[in-house]
Structure formats: C-alpha cells, structure tokens
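Here is protein.txt, consisting of compact mmCIF, C-alpha atoms:
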```txt
# COMPACT_ATOMS: atom_id res chain seq x y z
CA MET A 1 -5.69 64.81 194.10
CA THR A 2 -6.00 68.40 195.29
CA ALA A 3 -9.41 69.82 196.11
CA THR A 4 -10.26 73.35 194.95
CA LEU A 5 -12.34 75.41 197.34
CA THR A 6 -14.55 78.18 195.99
CA LYS A 7 -15.65 81.01 198.23
CA VAL A 8 -19.36 81.65 197.88
CA GLY A 9 -21.25 84.80 198.98
CA GLY A 10 -18.26 86.95 199.87
CA PRO A 11 -17.54 90.51 198.70
CA PRO A 12 -16.22 90.94 195.13
CA ALA A 13 -12.51 91.22 194.64
CA ALA A 14 -10.97 94.72 194.65
CA GLY A 15 -9.83 94.32 191.06
CA THR A 16 -13.34 93.58 189.86
CA VAL A 17 -14.80 96.72 191.55
CA ALA A 18 -12.09 98.94 190.10
CA HIS A 19 -12.68 97.46 186.66
CA LYS A 20 -16.44 98.22 186.85
CA ARG A 21 -15.73 101.79 187.97
CA ARG A 22 -13.35 102.33 185.06
CA ALA A 23 -15.96 100.93 182.68
CA ARG A 24 -18.62 103.31 184.02
CA ARG A 25 -16.27 106.30 183.76
CA ARG A 26 -15.36 105.30 180.23
CA GLY A 27 -19.03 104.97 179.29
CA ARG A 28 -19.83 108.39 180.77
CA THR A 29 -16.88 109.95 178.95
CA ILE A 30 -17.98 108.47 175.63
CA ALA A 31 -21.56 109.60 176.19
CA LEU A 32 -20.34 113.10 177.08
CA LEU A 33 -18.25 113.26 173.91
CA PHE A 34 -21.29 112.38 171.84
CA VAL A 35 -23.49 114.90 173.66
CA LEU A 36 -20.85 117.67 173.73
CA PRO A 37 -21.57 119.08 170.21
CA ALA A 38 -25.27 119.32 171.02
CA LEU A 39 -24.51 120.95 174.37
CA LEU A 40 -22.21 123.49 172.69
CA LEU A 41 -24.90 124.34 170.14
CA LEU A 42 -27.53 124.54 172.88
CA GLY A 43 -25.33 126.86 174.89
CA ALA A 44 -24.44 129.06 171.91
CA LEU A 45 -27.96 129.27 170.44
CA VAL A 46 -30.14 129.16 173.56
CA LEU A 47 -28.37 129.63 176.88
CA TYR A 48 -26.03 132.48 175.86
CA PRO A 49 -28.79 134.53 174.12
CA VAL A 50 -31.04 134.11 177.16
CA LEU A 51 -28.35 135.24 179.61
CA PHE A 52 -27.30 138.10 177.31
CA THR A 53 -30.91 139.27 176.93
CA VAL A 54 -31.44 139.24 180.69
CA GLY A 55 -28.26 141.27 181.20
CA ARG A 56 -29.04 143.64 178.34
CA SER A 57 -32.45 144.42 179.84
CA PHE A 58 -30.71 146.29 182.70
CA PHE A 59 -28.97 148.76 180.38
CA ASP A 60 -30.20 151.78 178.42
CA ALA A 61 -30.92 151.94 174.68
CA SER A 62 -27.23 152.39 173.78
CA GLY A 63 -26.15 149.56 176.09
CA THR A 64 -23.53 151.70 177.87
CA ARG A 65 -25.34 152.87 181.02
CA PHE A 66 -26.75 150.60 183.71
CA VAL A 67 -30.34 151.58 184.48
CA GLY A 68 -31.43 148.73 186.73
CA GLY A 69 -35.15 148.02 186.52
CA ASP A 70 -36.06 151.21 184.64
CA ASN A 71 -36.76 149.27 181.45
CA TYR A 72 -39.23 147.02 183.26
CA THR A 73 -40.93 150.05 184.81
CA GLU A 74 -41.11 151.80 181.44
CA MET A 75 -42.42 148.64 179.84
CA PHE A 76 -45.59 148.66 181.93
CA ARG A 77 -46.08 152.41 181.49
CA ASP A 78 -46.05 152.19 177.70
CA PRO A 79 -49.63 151.99 176.29
CA ALA A 80 -48.36 149.96 173.31
CA THR A 81 -46.93 147.32 175.65
CA LEU A 82 -50.20 147.14 177.60
CA THR A 83 -52.05 146.70 174.29
CA ALA A 84 -49.62 143.93 173.31
CA LEU A 85 -50.12 142.22 176.66
CA ARG A 86 -53.92 142.47 176.32
CA ASN A 87 -53.82 141.01 172.79
CA THR A 88 -51.50 138.22 173.92
CA ILE A 89 -53.98 137.30 176.65
CA ILE A 90 -56.78 137.25 174.04
CA TRP A 91 -54.67 134.96 171.86
CA VAL A 92 -53.88 132.60 174.76
CA VAL A 93 -57.51 132.40 175.88
CA VAL A 94 -59.19 132.13 172.47
CA ALA A 95 -56.90 130.44 169.94
CA PRO A 96 -55.84 127.26 171.85
CA ALA A 97 -59.39 126.65 173.09
CA LEU A 98 -60.88 127.00 169.60
CA LEU A 99 -58.16 124.87 168.02
CA THR A 100 -58.49 122.11 170.59
CA GLY A 101 -62.29 122.11 170.23
CA LEU A 102 -62.17 122.10 166.42
CA GLY A 103 -59.49 119.43 166.41
CA LEU A 104 -61.55 117.22 168.72
CA ILE A 105 -64.76 117.63 166.71
CA LEU A 106 -63.04 117.02 163.37
CA ALA A 107 -61.09 114.03 164.71
CA VAL A 108 -64.33 112.38 165.88
CA LEU A 109 -66.17 113.18 162.66
CA VAL A 110 -63.34 112.04 160.40
CA GLU A 111 -63.60 108.54 161.85
CA LYS A 112 -67.05 108.30 160.28
CA VAL A 113 -65.94 109.56 156.85
CA ARG A 114 -65.12 107.06 154.15
CA TRP A 115 -62.24 109.09 152.71
CA ALA A 116 -60.75 109.92 156.12
CA THR A 117 -57.13 109.94 154.95
CA ALA A 118 -57.80 112.37 152.11
CA PHE A 119 -59.81 114.59 154.47
CA LYS A 120 -56.97 114.65 157.01
CA LEU A 121 -54.48 115.45 154.28
CA LEU A 122 -56.63 118.32 153.08
CA LEU A 123 -56.90 119.84 156.56
CA PHE A 124 -53.21 119.29 157.30
CA MET A 125 -51.99 120.91 154.07
CA PRO A 126 -51.93 124.49 155.49
CA MET A 127 -49.17 123.32 157.85
CA ALA A 128 -46.94 122.99 154.78
CA VAL A 129 -47.48 126.68 153.96
CA SER A 130 -45.05 129.10 155.59
CA PHE A 131 -46.44 131.75 157.90
CA LEU A 132 -45.16 134.39 155.48
CA ALA A 133 -47.14 132.91 152.58
CA ALA A 134 -50.21 132.36 154.78
CA GLY A 135 -50.03 135.96 155.95
CA ILE A 136 -49.94 137.24 152.37
CA ILE A 137 -52.86 134.98 151.41
CA PHE A 138 -55.04 136.25 154.23
CA ARG A 139 -53.93 139.86 153.76
CA LEU A 140 -55.43 139.60 150.27
CA ALA A 141 -58.48 137.64 151.45
CA TYR A 142 -59.25 140.32 154.05
CA ASP A 143 -58.80 143.22 151.63
CA GLU A 144 -61.60 145.76 152.03
CA ASP A 145 -62.02 146.20 148.27
CA PRO A 146 -64.60 143.60 147.13
CA ASP A 147 -62.78 143.35 143.81
CA LYS A 148 -59.69 142.03 145.66
CA GLY A 149 -60.80 140.54 148.96
CA VAL A 150 -62.68 137.28 148.57
CA LEU A 151 -64.39 137.58 151.97
CA ASN A 152 -65.75 141.04 151.27
CA ALA A 153 -66.79 139.94 147.79
CA ALA A 154 -68.92 137.21 149.39
CA VAL A 155 -70.29 139.57 152.05
CA VAL A 156 -71.19 142.24 149.49
CA GLY A 157 -72.82 139.64 147.24
CA ILE A 158 -75.00 138.34 150.07
CA HIS A 159 -75.87 141.86 151.21
CA ASP A 160 -76.82 143.03 147.73
CA ALA A 161 -78.93 139.90 147.18
CA PHE A 162 -81.15 140.77 150.17
CA GLN A 163 -80.84 144.55 150.48
CA GLY A 164 -80.17 145.65 146.93
CA THR A 165 -77.94 148.55 145.92
CA SER A 166 -78.56 152.21 145.19
CA SER A 167 -79.20 153.05 141.56
CA TYR A 168 -76.95 156.09 141.16
CA PRO A 169 -74.51 156.56 144.09
CA THR A 170 -72.60 159.37 142.32
CA ALA A 171 -75.59 161.31 140.96
CA ARG A 172 -76.40 164.83 142.15
CA ALA A 173 -78.73 167.62 141.10
CA ARG A 174 -77.61 170.78 139.33
CA GLU A 175 -77.84 173.82 141.53
CA GLY A 176 -80.56 176.24 140.60
CA GLN A 177 -82.42 173.78 138.39
CA GLY A 178 -85.43 173.12 140.61
CA LEU A 179 -84.03 170.52 143.05
CA ARG A 180 -82.52 170.96 146.50
CA GLN A 181 -80.74 168.38 148.64
CA GLY A 182 -82.12 167.34 152.01
CA ALA A 183 -80.18 166.38 155.13
CA ASP A 184 -80.88 162.70 154.47
CA GLY A 185 -79.32 162.80 151.00
CA SER A 186 -82.63 163.03 149.15
CA TYR A 187 -83.52 165.61 146.52
CA ARG A 188 -86.87 167.42 146.39
CA THR A 189 -88.46 170.05 144.21
CA THR A 190 -87.93 173.63 145.35
CA THR A 191 -91.50 174.60 144.44
CA ASN A 192 -94.74 172.81 145.07
CA VAL A 193 -96.53 171.14 142.15
CA SER A 194 -100.13 170.10 141.57
CA PRO A 195 -101.93 167.39 139.55
CA GLY A 196 -101.77 168.26 135.87
CA ASP A 197 -98.17 169.53 136.08
CA THR A 198 -95.23 168.00 134.18
CA LEU A 199 -91.72 168.00 135.68
CA SER A 200 -88.23 167.64 134.24
CA LEU A 201 -85.76 166.65 136.95
CA GLY A 202 -82.18 166.80 135.68
CA LEU A 203 -79.29 165.04 137.44
CA VAL A 204 -75.57 165.02 136.72
CA GLY A 205 -72.58 163.06 138.00
CA VAL A 206 -73.46 159.79 136.23
CA ALA A 207 -70.94 158.56 133.67
CA PRO A 208 -72.64 157.49 130.44
CA LYS A 209 -70.98 154.08 130.70
CA GLU A 210 -72.61 153.58 134.12
CA LEU A 211 -76.14 153.99 132.78
CA PRO A 212 -78.30 150.85 132.86
CA GLN A 213 -78.38 148.95 129.59
CA ASP A 214 -82.14 149.52 129.23
CA ALA A 215 -81.82 153.33 129.50
CA ARG A 216 -83.64 155.15 126.69
CA PRO A 217 -83.62 158.79 125.48
CA ALA A 218 -85.68 161.08 127.69
CA ARG A 219 -86.90 163.46 124.94
CA ALA A 220 -90.16 161.64 124.19
CA ALA A 221 -91.01 161.27 127.88
CA ALA A 222 -90.52 165.00 128.47
CA ALA A 223 -92.96 165.82 125.67
CA ARG A 224 -95.86 163.90 127.26
CA GLN A 225 -98.52 165.97 128.96
CA ALA A 226 -100.11 165.11 132.28
CA GLY A 227 -103.82 164.56 132.75
CA ALA A 228 -105.95 166.57 135.13
CA ASP A 229 -105.66 164.05 138.02
CA GLU A 230 -102.11 162.93 137.44
CA LEU A 231 -98.61 164.25 138.08
CA ARG A 232 -96.14 163.33 135.36
CA GLY A 233 -92.43 163.92 134.88
CA VAL A 234 -89.07 162.64 133.73
CA VAL A 235 -85.75 162.12 135.52
CA TYR A 236 -82.89 162.45 133.07
CA LEU A 237 -79.13 162.85 132.78
CA ASP A 238 -78.65 166.56 132.12
CA PHE A 239 -75.50 166.01 130.12
CA THR A 240 -74.80 165.67 126.40
CA ARG A 241 -71.77 163.81 125.13
CA GLY A 242 -69.43 165.99 123.15
CA GLY A 243 -70.89 169.17 124.63
CA GLY A 244 -73.84 171.23 123.50
CA GLY A 245 -77.28 171.18 124.92
CA LYS A 246 -78.83 173.49 127.47
CA GLN A 247 -78.88 173.03 131.24
CA GLY A 248 -82.32 172.31 132.65
CA VAL A 249 -83.75 171.34 129.25
CA VAL A 250 -84.14 167.79 127.97
CA ASP A 251 -82.04 167.70 124.80
CA PRO A 252 -82.50 165.08 122.05
CA ARG A 253 -79.39 163.07 122.98
CA GLU A 254 -79.85 163.05 126.73
CA SER A 255 -80.78 159.78 128.39
CA GLY A 256 -83.47 159.03 130.89
CA LEU A 257 -82.51 157.56 134.31
CA PRO A 258 -84.47 154.34 134.90
CA GLN A 259 -84.97 152.50 138.21
CA LEU A 260 -85.13 155.67 140.31
CA ARG A 261 -87.62 155.76 143.15
CA VAL A 262 -89.82 158.86 143.04
CA GLU A 263 -92.29 159.93 145.74
CA ALA A 264 -95.13 162.45 145.90
CA VAL A 265 -95.10 164.03 149.37
CA ARG A 266 -97.79 166.16 150.98
CA ASP A 267 -97.64 167.65 154.49
CA GLY A 268 -94.59 165.54 155.23
CA LYS A 269 -96.31 162.25 154.31
CA THR A 270 -95.61 160.12 151.24
CA ILE A 271 -98.88 159.95 149.33
CA ALA A 272 -97.67 157.91 146.34
CA SER A 273 -94.45 156.40 145.07
CA THR A 274 -93.28 154.87 141.81
CA THR A 275 -90.14 153.92 139.90
CA SER A 276 -88.90 155.65 136.76
CA ALA A 277 -89.22 153.79 133.47
CA ALA A 278 -86.48 153.08 130.92
CA ASP A 279 -86.80 156.60 129.46
CA GLY A 280 -86.82 158.14 132.97
CA SER A 281 -90.55 158.88 132.94
CA PHE A 282 -92.77 158.56 136.00
CA ARG A 283 -96.34 159.47 136.85
CA PHE A 284 -98.71 159.52 139.80
CA THR A 285 -102.42 159.01 139.07
CA GLY A 286 -105.54 159.56 141.14
CA LEU A 287 -104.05 162.37 143.19
CA ASP A 288 -106.32 164.72 145.12
CA ALA A 289 -106.15 168.39 144.30
CA GLY A 290 -103.56 170.32 146.25
CA SER A 291 -99.85 171.01 146.48
CA TYR A 292 -97.24 168.28 146.44
CA THR A 293 -93.46 167.99 146.66
CA VAL A 294 -91.78 165.47 144.39
CA THR A 295 -88.91 163.74 146.16
CA LEU A 296 -86.07 161.49 145.01
CA PRO A 297 -85.28 159.52 148.23
CA GLY A 298 -81.71 159.29 149.50
CA SER A 299 -81.74 155.52 148.94
CA ASN A 300 -81.31 156.26 145.21
CA PHE A 301 -77.94 157.90 145.93
CA ALA A 302 -76.59 155.92 148.87
CA PRO A 303 -72.97 154.77 148.43
CA PRO A 304 -72.62 151.09 147.62
CA TYR A 305 -72.07 148.64 150.46
CA GLU A 306 -68.33 148.00 150.66
CA GLY A 307 -68.36 145.07 153.06
CA ILE A 308 -66.68 144.65 156.45
CA SER A 309 -63.44 146.28 157.52
CA TRP A 310 -61.80 143.01 158.55
CA LEU A 311 -58.45 144.67 159.21
CA GLY A 312 -59.87 147.68 161.03
CA PRO A 313 -58.98 148.36 164.68
CA ALA A 314 -62.01 146.45 166.00
CA LEU A 315 -61.64 143.20 164.01
CA VAL A 316 -57.95 142.92 163.16
CA THR A 317 -57.07 140.59 166.08
CA PRO A 318 -60.01 138.17 165.49
CA ALA A 319 -59.17 138.22 161.76
CA ILE A 320 -55.56 137.20 162.43
CA ILE A 321 -56.69 134.52 164.87
CA GLY A 322 -58.91 133.19 162.06
CA ALA A 323 -55.84 132.86 159.82
CA TYR A 324 -54.02 131.07 162.63
CA LEU A 325 -56.91 128.61 163.00
CA TRP A 326 -56.74 127.85 159.28
CA ILE A 327 -53.10 126.83 159.64
CA TRP A 328 -53.16 124.88 162.90
CA THR A 329 -56.54 123.09 162.90
CA GLY A 330 -55.09 120.17 160.95
CA PHE A 331 -52.26 119.84 163.48
CA ALA A 332 -54.68 119.62 166.41
CA MET A 333 -56.94 117.22 164.52
CA VAL A 334 -54.11 114.80 163.68
CA LEU A 335 -52.75 114.69 167.25
CA ILE A 336 -56.18 114.20 168.79
CA GLY A 337 -57.03 111.67 166.09
CA ALA A 338 -53.92 109.67 167.06
CA GLY A 339 -55.12 109.64 170.67
CA LEU A 340 -58.61 108.71 169.54
CA SER A 341 -57.29 105.65 167.72
CA THR A 342 -55.88 104.26 171.01
CA LEU A 343 -59.19 104.36 172.88
CA PRO A 344 -60.51 100.96 173.98
CA ARG A 345 -63.20 100.06 171.46
CA ASP A 346 -64.83 97.59 173.84
CA ALA A 347 -65.77 100.46 176.18
CA LEU A 348 -67.43 102.34 173.31
CA GLU A 349 -69.26 99.28 172.09
CA ALA A 350 -70.39 98.42 175.61
CA ALA A 351 -71.84 101.91 175.99
CA ARG A 352 -73.70 101.55 172.69
CA MET A 353 -75.09 98.19 173.75
CA ASP A 354 -76.30 99.77 177.01
CA GLY A 355 -78.33 102.29 174.98
CA ALA A 356 -76.07 105.35 175.07
CA ASN A 357 -76.38 107.65 172.06
CA GLU A 358 -73.41 109.15 170.24
CA TRP A 359 -73.56 112.46 172.14
CA GLN A 360 -73.51 110.66 175.49
CA ILE A 361 -70.61 108.48 174.36
CA PHE A 362 -68.71 111.56 173.21
CA ARG A 363 -69.34 113.52 176.42
CA ARG A 364 -69.06 110.75 179.01
CA ILE A 365 -66.45 108.41 177.49
CA THR A 366 -64.50 109.89 174.58
CA VAL A 367 -63.66 113.28 176.11
CA PRO A 368 -62.63 111.94 179.57
CA LEU A 369 -60.40 109.27 178.03
CA LEU A 370 -58.84 111.86 175.69
CA ALA A 371 -58.23 114.36 178.52
CA PRO A 372 -54.43 113.76 178.67
CA VAL A 373 -54.08 114.22 174.89
CA LEU A 374 -56.29 117.31 174.90
CA THR A 375 -54.22 118.81 177.71
CA VAL A 376 -50.97 118.28 175.85
CA VAL A 377 -52.40 119.76 172.64
CA PHE A 378 -53.83 122.75 174.52
CA VAL A 379 -50.61 123.53 176.41
CA THR A 380 -48.50 123.11 173.26
CA LEU A 381 -50.73 125.59 171.43
CA VAL A 382 -50.57 128.01 174.38
CA ILE A 383 -46.78 128.03 174.10
CA ASN A 384 -47.04 128.50 170.36
CA VAL A 385 -49.49 131.43 170.42
CA MET A 386 -47.40 133.29 172.99
CA LYS A 387 -44.64 133.48 170.39
CA VAL A 388 -46.81 134.33 167.36
CA PHE A 389 -45.13 136.99 165.25
CA ASP A 390 -45.28 136.38 161.49
CA LEU A 391 -49.03 136.51 160.98
CA VAL A 392 -49.50 139.62 163.10
CA TYR A 393 -46.67 141.48 161.42
CA ILE A 394 -47.74 140.59 157.87
CA ILE A 395 -51.54 140.71 158.02
CA ALA A 396 -52.06 143.84 160.13
CA PRO A 397 -51.74 147.02 157.99
CA GLY A 398 -49.48 149.81 159.19
CA PRO A 399 -52.23 152.06 160.61
CA VAL A 400 -53.58 149.27 162.85
CA GLN A 401 -50.27 147.59 163.66
CA GLU A 402 -50.41 148.92 167.22
CA ASP A 403 -53.99 147.68 167.65
CA ALA A 404 -53.00 144.13 166.65
CA THR A 405 -49.54 143.97 168.23
CA VAL A 406 -48.60 141.14 170.61
CA LEU A 407 -45.56 140.79 172.83
CA ALA A 408 -43.39 139.20 170.13
CA THR A 409 -44.12 141.90 167.53
CA GLN A 410 -43.82 144.66 170.14
CA MET A 411 -40.41 143.31 171.15
CA TRP A 412 -39.27 143.42 167.51
CA LEU A 413 -40.74 146.88 166.86
CA VAL A 414 -39.13 148.34 169.98
CA SER A 415 -35.75 146.76 169.27
CA PHE A 416 -35.40 146.90 165.49
CA GLY A 417 -38.58 148.28 163.89
CA GLY A 418 -37.92 151.96 164.51
CA GLY A 419 -37.67 152.15 168.31
CA ASN A 420 -33.96 151.18 168.39
CA ASP A 421 -34.22 150.62 172.15
CA GLN A 422 -32.77 147.16 172.66
CA GLY A 423 -32.78 147.63 176.44
CA LEU A 424 -36.58 147.91 176.49
CA GLY A 425 -36.84 145.23 173.81
CA SER A 426 -34.75 142.87 175.95
CA ALA A 427 -37.06 143.52 178.90
CA LEU A 428 -40.02 142.55 176.71
CA GLY A 429 -38.13 139.39 175.69
CA VAL A 430 -37.58 138.48 179.35
CA LEU A 431 -41.28 139.05 180.06
CA LEU A 432 -42.22 136.77 177.17
CA LEU A 433 -39.78 134.12 178.47
CA LEU A 434 -41.27 134.28 181.95
CA LEU A 435 -44.76 133.81 180.53
CA VAL A 436 -43.73 130.81 178.43
CA ILE A 437 -41.74 128.97 181.12
CA PRO A 438 -44.74 127.83 183.26
CA ALA A 439 -46.45 126.28 180.26
CA MET A 440 -43.20 124.58 179.23
CA VAL A 441 -42.64 123.19 182.74
CA PHE A 442 -46.20 121.89 182.85
CA ASN A 443 -45.76 120.17 179.48
CA VAL A 444 -42.46 118.56 180.51
CA ARG A 445 -44.03 117.22 183.69
CA ARG A 446 -46.91 115.82 181.69
CA PHE A 447 -44.51 113.99 179.40
CA ARG A 448 -42.56 112.57 182.34
CA GLY A 449 -45.77 111.49 184.03
CA SER A 450 -46.94 109.71 180.88
CA GLN A 451 -43.60 107.89 180.62
CA ARG A 452 -43.87 106.65 184.20
```
Show this structure as structure tokens.
Amino acid sequence: MTATLTKVGGPPAAGTVAHKRRARRRGRTIALLFVLPALLLLGALVLYPVLFTVGRSFFDASGTRFVGGDNYTEMFRDPATLTALRNTIIWVVVAPALLTGLGLILAVLVEKVRWATAFKLLLFMPMAVSFLAAGIIFRLAYDEDPDKGVLNAAVVGIHDAFQGTSSYPTARAREGQGLRQGADGSYRTTTNVSPGDTLSLGLVGVAPKELPQDARPARAAAARQAGADELRGVVYLDFTRGGGGKQGVVDPRESGLPQLRVEAVRDGKTIASTTSAADGSFRFTGLDAGSYTVTLPGSNFAPPYEGISWLGPALVTPAIIGAYLWIWTGFAMVLIGAGLSTLPRDALEAARMDGANEWQIFRRITVPLLAPVLTVVFVTLVINVMKVFDLVYIIAPGPVQEDATVLATQMWLVSFGGGNDQGLGSALGVLLLLLVIPAMVFNVRRFRGSQR
C-alpha cells in the first residue's frame, strides 16, 4: 500500500497563480467593456466640451486669433459681468440658506400633521413643473398690472382697504373757469369768497361711465341759495353727452360729482371741510365773516395705487429667488424629512422625559443630529443655484435683464444672445466651472465619508 504525502503550508503552484491572474484580467476586461459605452458618452458630452471651452476661451470672438488671457481680463472689466457675479453671490448666499431652513422647519412640522403624506405631495408638486412653465407662471404673477398680476392685485386690495383710493384720478378743471391748480395737485378758487356766496366748480376729464352709481344731476343743487353764515356750492361734471351746453354753467343734463373732499381755507389754514353729496353739493355753516378760498385737495385726484414693481431693477432678483424657493422647498423638505426619520427616537423621548421642551429638543438634539443631511442639502443647492438660468431668463423683462443676470445667463447672452463673442462666453463658462468645482469636491468627499 502506497502512502500519499500532501505538502501543507507551501507556496501555491505556478499554474494556480497564473490562472488567478488570467481570471482577474478577464474580469477587468469584461468590466471595462461594460463601462466603455458610458465612458465614451461621458467623454463626448462632458470631457470634450470642457476641454474645448477652456481652449476656446483663449481665442477671439471669431475663434481664429489667439489672444491669451485677454478674454479673462475683459471679463472682469465688463460691468455686466460684475453685476452677474454680484447676483450669483446673492443667489449662493440667500437661496440655499432659505431653502435649507424652510425644508428643516417644514420637515419637523409635517411629522406632527395627520395628513403628512398629502402635505408632502402638495409641497413637492412644483418639482414636476418645468422651469420654463414655472417662469411663465411667476412672470404673470409678478405682473405690475393688478388686473393681471395676482400679487399686485392682493397688494392693491389691502392698500385700498386701509388707505382708500382717490375719487377722480383723471379729473381736471377747465382753464379760465374759476379754478387754478396748485403745486400739490389740488384745485382752488381764483378769487376769494365770503359766507353767503354760492359757487359752481366745474371739472372735466371724467368719463360718464366712471361716475359713481349714486351720482345725481347737479342742476337742483346749483339753484340753492346760501344763507348769511354759510358757504354753499356744487362740484359738477362740466360736460354734456351729445354736445350742447355752456362751459362754466350747470346745464340740466350735467351730473354732480359726489364723494369729493372740499375745504374752506383762510390765511393758509383749513377752517372747515366736507364731502360733496350725490348731486355734487357741499356747504360750510357757521363761518365767521371774511374771505375764504375753496379748495379741492390733491387727494381727490391722486392716481390710483398700482402696487409694487416686483420686476423692477430693485426687486427683480429677490422676486426670482422667491420663484426658485417655490420650486425647490419640497425637494429640501423631503430630503431632510428622510434624515429626520432615521433619528433615534429614544434620544428624543429621553429628552422629553428629562423636561426639555420642543424648542430645546429641536435646537439641541434634532439640528445637531441632522447636521450631515443639512450640509449635503445645502451644498447640493449651492451647486444648483450657481447654474440657474431658466428662471432668470424667463421672468426678468428685457429692460431689467442686465440687473437680474447671473453668470449662466450672462454666458449665454455674450455667446449667443446678441454678443456673438464665444471667446468671452467660454471664459465665463470656465469661471462658472471653477466656482462649481469646490462645492462638487466637498460633496463627493462627504459622500465617501458617509460610506466609510
């Protein structure tokens, strides 16, 4: 019987090592074949455009003459580029911070709402709307005309509820008919009057259809006589439909102007004031003897309040940021809500049992534990706002486009929107890339750290 000896603990046979090496090479080759289409697409759609843009930034507008760093020098001399850089900084500072804060607050509050899923769906729905459609929606919402813009309609409604509106913004006095206009928009009698006098103050510029519904003919009011201690008169529309009538005389078919404020002024001081009746009549009683000036204050003729110029040079950037918040708040809320659901509930309950209130739990436990999620959300939004283009281009009207421009829109405008200088546009693209890369690197490191 032959004994078989087995060698234990020695090095592996040469054939086994070669076989393992061939298996590893074969596995790498197969993996490379699977990855190759993605690498080709990545190179064609990302790497090549980046390299081409960097190279193109060193040539002139036509792309035929090498200019070195002239495009980068010109870029920082251009006031429009400096405005774009300033607005981009405003976007980066304001929008991600507001979104992260709103997302955190809403995520915490939603946990206490019975219909939390429906609420999350409602807030997340704007993400399904394209930036083009959202831009059109907010361009209409911000329209300065209260009949079109819903925000100005609300603002005008609130203003008029507390401040009221002028009665006749288009009214004016006929020249040479006893009234003169003051610097403040008021109208006053050209000659002094005394108690016992009766005045007829004719105005024009009011369309008959714009008269108040309670307006009555002024003829009867003009026929009334004043008493010895009173000053009486009528404010009327010195215009007769279909023609006819005489200027400065109250004709039978001419209407009184109700709701007009009338003041009796003496030595620069308002002695008495009243409001015209439905037939335009007014009167002041108990006046002392002397000379008075009858005044129609400028508030009667002030133009109506038109609301806020949301898309004016001063507010266009905050207005666009508001539209951006409407779209992305749901995104931030859902991500932070997902992180909130992983928090250890025993720590929260222990804090409550120790007597901590909800604000202390939120500030001392919830926020610190959510810090990694909040950082990722914030950095992701920073990267996103640096590339914002659609909303700025669509919402900002042409006259204020330069006031609202950011680096992405400035790059497009310089390259294709009329500038036709793709050398300078490429330099702007490189600048935007350099600004985005640090945030991207930070985010990648965060992801790798979380995986470890």
Checklist line | Given only C-alpha atoms as the counted atoms, nearest of A:Asn192, A:Thr117, A:Thr198, A:Gln422 to A:Gly337 | finding: A:Thr117
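If only C-alpha atoms are the atoms counted, then among A:Leu36, A:Leu85, A:Ile158, A:Val67 the closest residue to A:Ala408 is A:Leu85.
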Margin query: Considering only C-alpha atoms, can you say which of A:Ala61, A:Ala272, A:Ala161, A:Ala277 comes closest to A:Asp214?
Written below: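 With only C-alpha atoms as the atom set, the closest residue is A:Ala277.
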Checklist line | Contact residues around A:Gly68 with all atoms listed in the file at 10 Å, ignoring same-chain residues under 4 positions, as a ChimeraX atom specification | finding: /A:55,57-60,72-73
Check: With all atoms listed in the file as the atoms that count, which of A:Ile105, A:Pro438, A:Gly307, A:Val367 lies nearest to A:His159?
Finding: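 So, comparing all the options, the nearest one is A:Gly307.
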Check: Nearest to A:Gly256 among A:Pro208, A:Arg283, A:Gly449, A:Ala323, with distances taken over only C-alpha atoms: which residue is it?
Finding: A:Pro208
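Ranking A:Val406, A:Leu343, A:Ala289, A:Met411 by their shortest atom-to-atom distance to A:Val92, with only C-alpha atoms included, puts A:Val406 first.
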Margin query: So the first atom is atom CA of A:Phe239 and the second is atom CA of A:Asp251; what is the distance between them in Å, to one decimal place?
Written below: 8.6 Å
Note to self: At a cut-off of 10 Å around the point (-56.4, 131.0, 163.5) (file coordinates), what residues fall inside when counting all atoms listed in the file? I'd like the answer as a list of chain:residue names.
What the structure shows: A:Trp91, A:Val94, A:Ala95, A:Pro96, A:Leu98, A:Leu99, A:Thr317, A:Pro318, A:Ala319, A:Ile320, A:Ile321, A:Gly322, A:Ala323, A:Tyr324, A:Leu325, A:Trp326, A:Ile327, A:Trp328, A:Thr329, A:Val385, A:Leu391
Note to self: I'd like the interatomic distance between atom CA of A:Ile308 and atom CA of A:Glu144, to a tenth of an Å.
What the structure shows: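 Value for the atom CA of A:Ile308-atom CA of A:Glu144 distance: 6.8 Å.
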Margin query: I'd like the interatomic distance between atom CA of A:Arg266 and atom CA of A:Thr293, to a tenth of an Å.
Written below: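 Spanning atom CA of A:Arg266 to atom CA of A:Thr293 is a straight-line distance of 6.4 Å.
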